[in-house]
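Following: one structure in structure tokens, then a few remarks.
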Amino acid sequence: MQRIAYFALAVLLLPAIGCKANPPSGIETRIVSTAKHHFFVGNRKQKNPLAATPDSISDGREAFSHYCMACHGMDGQNTGVPFADRMSPPVPSLASHDVQEYTDGQLKWVIDYGIWPSGMPGAKGTLCDDEIWSIVLYLRHLPPAGSLGEPEMYSH
Amino acid sequence: MRKQHLILALLLTTVGSHALMRKAHAENAPRHIEVTAKRFGFEPAEITLKKGEPVDLVLKSTDVSHGLRFRELNVDVKVGKGGTSEVHFTPNLTGTFVGHCSVFCGSGHGSMTLKLHVVD
């Protein structure tokens, strides 16, 4: 009888334990990062068909502001995003080495399909290929952190 | 009699040249094309143009703000909510070009395309 009670208590506590969002440890981060870069994120070899010109980078910044800004901030470095470091895993800075290490094709793949089970959703169909490639250009030419202020939606 | 012939010849020349001028003007006049944009498509979704033929493209929106952009042809027109905009251009490349909505308009924005065939 006592064993059944312990089992029932464990089952009841399971959702609470499972849903707790702890920051990942250093080793967890390294394992997941290696797995993403080398196994899970495809399209490694595809080249960006758009040349990096002031116009195309500006197009990327514009497209970024419609779909990505809410989680990544206007600068791609989470400036002004109140929940960025409270998510598990936290929203990464797109200027970080871990993100910049992806090839252009992999960045396109991540924007197309998202990364499960992080909070990153796929944008395929919501943004066209042209816009996604221009966002990849913007990611390669991000402005200094904080230089664009914070998203207006968080200022009210 | 000779005078009558002369008047007739002058009359025919005037009418003929006027008709030729009208024809030439019609040939040089830009082709007028209307495209309707609404979430999440263009109507018509496919158009064919001749290389070198000037075009007046009228973009109408029946709902929110939209745009139509052909990057390769350097054409970009934007239209406000329920409004009408016009762009003039002359396609100088042949091929099939896919235009996209250039104003973010919602969840299906990325699939909103118009196929443009430019032929010789």
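If you're wondering about the labels, chains in the structure tokens are A, B, ... by order shown, residues count from 1 in each chain, ligands from 1 in order shown.
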
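The list of residues with at least one atom within 9 Å of A:His72, based on only C-alpha atoms and without residues fewer than 4 positions apart in the same chain, reads Cys68, Gly76, Gln77, Asn78, Thr79, Gly80, Val81, Ala84, Val91, Pro92, Ser93 and Leu94 of chain A.
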
Chain B contacts to chain A at 6 Å (only C-alpha atoms) as a ChimeraX atom specification
/B:107-111

Filtered DSSP result for chain B, state strand (DSSP E or B), as an NGL selection string:
:B and (31-38 or 41-43 or 46-50 or 55-61 or 66-70 or 75-79 or 84-89 or 95-100 or 113-119)

For the selection just defined, write its residues with N, CA and C atoms to a file, as a short mmCIF file (atom, residue, chain, number, x, y, z; two decimals), in the first residue's frame.
```cif
data_model
loop_
_atom_site.label_atom_id
_atom_site.label_comp_id
_atom_site.auth_asym_id
_atom_site.auth_seq_id
_atom_site.Cartn_x
_atom_site.Cartn_y
_atom_site.Cartn_z
N ARG B 31 1.65 48.77 -72.16
CA ARG B 31 0.59 47.78 -71.94
C ARG B 31 0.08 47.95 -70.51
N HIS B 32 -1.24 47.93 -70.38
CA HIS B 32 -1.87 48.17 -69.09
C HIS B 32 -2.25 46.82 -68.46
N ILE B 33 -1.75 46.57 -67.27
CA ILE B 33 -2.06 45.29 -66.60
C ILE B 33 -2.52 45.58 -65.18
N GLU B 34 -3.64 44.97 -64.81
CA GLU B 34 -4.14 45.13 -63.44
C GLU B 34 -3.95 43.84 -62.67
N VAL B 35 -3.40 43.98 -61.48
CA VAL B 35 -3.19 42.81 -60.61
C VAL B 35 -3.84 43.11 -59.27
N THR B 36 -4.62 42.16 -58.80
CA THR B 36 -5.27 42.32 -57.49
C THR B 36 -4.52 41.50 -56.45
N ALA B 37 -4.22 42.14 -55.33
CA ALA B 37 -3.52 41.44 -54.24
C ALA B 37 -4.47 41.29 -53.06
N LYS B 38 -4.52 40.08 -52.53
CA LYS B 38 -5.25 39.87 -51.27
C LYS B 38 -4.60 38.72 -50.54
N GLY B 41 -2.50 35.86 -52.05
CA GLY B 41 -2.28 35.55 -53.45
C GLY B 41 -2.48 36.77 -54.34
N PHE B 42 -2.05 36.62 -55.60
CA PHE B 42 -2.25 37.67 -56.61
C PHE B 42 -3.20 37.13 -57.66
N GLU B 43 -4.00 38.00 -58.24
CA GLU B 43 -4.91 37.61 -59.32
C GLU B 43 -4.73 38.60 -60.48
N GLU B 46 -0.27 34.65 -62.84
CA GLU B 46 0.74 34.45 -63.87
C GLU B 46 0.48 35.43 -65.01
N ILE B 47 1.52 36.12 -65.47
CA ILE B 47 1.35 37.01 -66.63
C ILE B 47 2.54 36.86 -67.58
N THR B 48 2.29 37.16 -68.86
CA THR B 48 3.36 37.07 -69.86
C THR B 48 3.53 38.43 -70.51
N LEU B 49 4.77 38.88 -70.61
CA LEU B 49 5.09 40.18 -71.22
C LEU B 49 6.14 39.98 -72.29
N LYS B 50 6.26 40.99 -73.16
CA LYS B 50 7.31 40.95 -74.18
C LYS B 50 8.49 41.77 -73.71
N VAL B 55 5.31 48.70 -69.79
CA VAL B 55 4.14 48.19 -69.05
C VAL B 55 3.73 49.17 -67.97
N ASP B 56 2.42 49.37 -67.85
CA ASP B 56 1.85 50.06 -66.68
C ASP B 56 1.21 48.99 -65.84
N LEU B 57 1.78 48.71 -64.70
CA LEU B 57 1.20 47.67 -63.85
C LEU B 57 0.48 48.33 -62.68
N VAL B 58 -0.80 48.06 -62.60
CA VAL B 58 -1.61 48.63 -61.53
C VAL B 58 -1.85 47.54 -60.48
N LEU B 59 -1.47 47.83 -59.26
CA LEU B 59 -1.64 46.86 -58.17
C LEU B 59 -2.75 47.36 -57.25
N LYS B 60 -3.76 46.49 -57.09
CA LYS B 60 -4.89 46.86 -56.21
C LYS B 60 -4.93 45.92 -55.02
N SER B 61 -5.19 46.47 -53.87
CA SER B 61 -5.35 45.62 -52.68
C SER B 61 -6.82 45.60 -52.29
N HIS B 66 -0.06 45.50 -49.21
CA HIS B 66 0.71 44.47 -49.91
C HIS B 66 1.79 45.15 -50.74
N GLY B 67 2.59 44.34 -51.40
CA GLY B 67 3.58 44.84 -52.35
C GLY B 67 3.82 43.78 -53.40
N LEU B 68 4.53 44.15 -54.43
CA LEU B 68 4.91 43.17 -55.46
C LEU B 68 6.32 43.54 -55.91
N ARG B 69 7.21 42.57 -55.77
CA ARG B 69 8.60 42.85 -56.09
C ARG B 69 9.20 41.77 -56.98
N PHE B 70 9.85 42.23 -58.07
CA PHE B 70 10.67 41.36 -58.92
C PHE B 70 12.09 41.88 -58.78
N VAL B 75 11.89 45.91 -59.97
CA VAL B 75 10.52 46.41 -59.87
C VAL B 75 10.02 46.16 -58.46
N ASP B 76 9.53 47.21 -57.82
CA ASP B 76 8.95 47.06 -56.48
C ASP B 76 7.85 48.09 -56.32
N VAL B 77 6.62 47.60 -56.12
CA VAL B 77 5.50 48.52 -55.93
C VAL B 77 4.77 48.11 -54.65
N LYS B 78 4.38 49.11 -53.88
CA LYS B 78 3.68 48.82 -52.63
C LYS B 78 2.32 49.50 -52.66
N VAL B 79 1.34 48.87 -52.03
CA VAL B 79 0.00 49.44 -52.04
C VAL B 79 -0.57 49.37 -50.62
N THR B 84 -4.73 51.52 -54.36
CA THR B 84 -4.25 51.23 -55.72
C THR B 84 -2.92 51.95 -55.92
N SER B 85 -1.96 51.26 -56.53
CA SER B 85 -0.67 51.88 -56.87
C SER B 85 -0.30 51.47 -58.29
N GLU B 86 0.59 52.21 -58.88
CA GLU B 86 0.97 51.93 -60.26
C GLU B 86 2.49 51.98 -60.39
N VAL B 87 3.01 51.10 -61.22
CA VAL B 87 4.45 51.13 -61.50
C VAL B 87 4.65 50.99 -63.01
N HIS B 88 5.58 51.75 -63.55
CA HIS B 88 5.90 51.68 -64.99
C HIS B 88 7.26 51.03 -65.12
N PHE B 89 7.34 50.06 -66.00
CA PHE B 89 8.65 49.45 -66.25
C PHE B 89 8.66 48.79 -67.61
N GLY B 95 12.83 35.41 -69.59
CA GLY B 95 12.86 34.32 -68.61
C GLY B 95 11.61 34.34 -67.77
N THR B 96 11.59 33.49 -66.76
CA THR B 96 10.46 33.44 -65.83
C THR B 96 10.95 33.97 -64.49
N PHE B 97 10.23 34.95 -63.98
CA PHE B 97 10.61 35.61 -62.72
C PHE B 97 9.47 35.45 -61.71
N VAL B 98 9.83 35.18 -60.49
CA VAL B 98 8.81 35.01 -59.45
C VAL B 98 8.80 36.25 -58.57
N GLY B 99 7.68 36.95 -58.60
CA GLY B 99 7.53 38.14 -57.76
C GLY B 99 6.92 37.75 -56.42
N HIS B 100 7.31 38.47 -55.39
CA HIS B 100 6.81 38.18 -54.05
C HIS B 100 6.14 39.41 -53.47
N THR B 113 2.90 34.72 -54.31
CA THR B 113 3.79 34.92 -55.45
C THR B 113 3.03 35.19 -56.75
N LEU B 114 3.70 35.83 -57.68
CA LEU B 114 3.17 36.05 -59.03
C LEU B 114 4.27 35.68 -60.02
N LYS B 115 3.92 34.81 -60.96
CA LYS B 115 4.92 34.35 -61.93
C LYS B 115 4.85 35.23 -63.18
N LEU B 116 5.98 35.77 -63.56
CA LEU B 116 6.04 36.66 -64.73
C LEU B 116 6.93 36.04 -65.81
N HIS B 117 6.33 35.77 -66.98
CA HIS B 117 7.12 35.25 -68.10
C HIS B 117 7.44 36.43 -69.02
N VAL B 118 8.70 36.60 -69.33
CA VAL B 118 9.10 37.64 -70.31
C VAL B 118 9.67 36.93 -71.52
N VAL B 119 9.00 37.17 -72.68
CA VAL B 119 9.41 36.48 -73.91
C VAL B 119 9.90 37.48 -74.95
#
```

Apply DSSP to the structure's backbone, then extract all residues of chain A labelled helix (DSSP H, G or I) and return them as JSON, numbers by chain.
{"A": [2, 3, 4, 5, 6, 7, 8, 9, 10, 11, 12, 13, 14, 15, 16, 17, 18, 19, 26, 27, 28, 29, 30, 31, 32, 33, 34, 35, 36, 37, 38, 39, 40, 54, 55, 56, 57, 58, 59, 60, 61, 62, 63, 64, 65, 66, 67, 69, 70, 71, 72, 97, 98, 99, 100, 104, 105, 106, 107, 108, 109, 110, 111, 112, 113, 129, 130, 131, 132, 133, 134, 135, 136, 137, 138, 139, 140, 152, 153, 154]}

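With distances taken over only C-alpha atoms, A:Trp133 is the one residue among A:Trp133, A:Tyr154, A:Trp116, A:Phe39 lying closest to A:Ala52.
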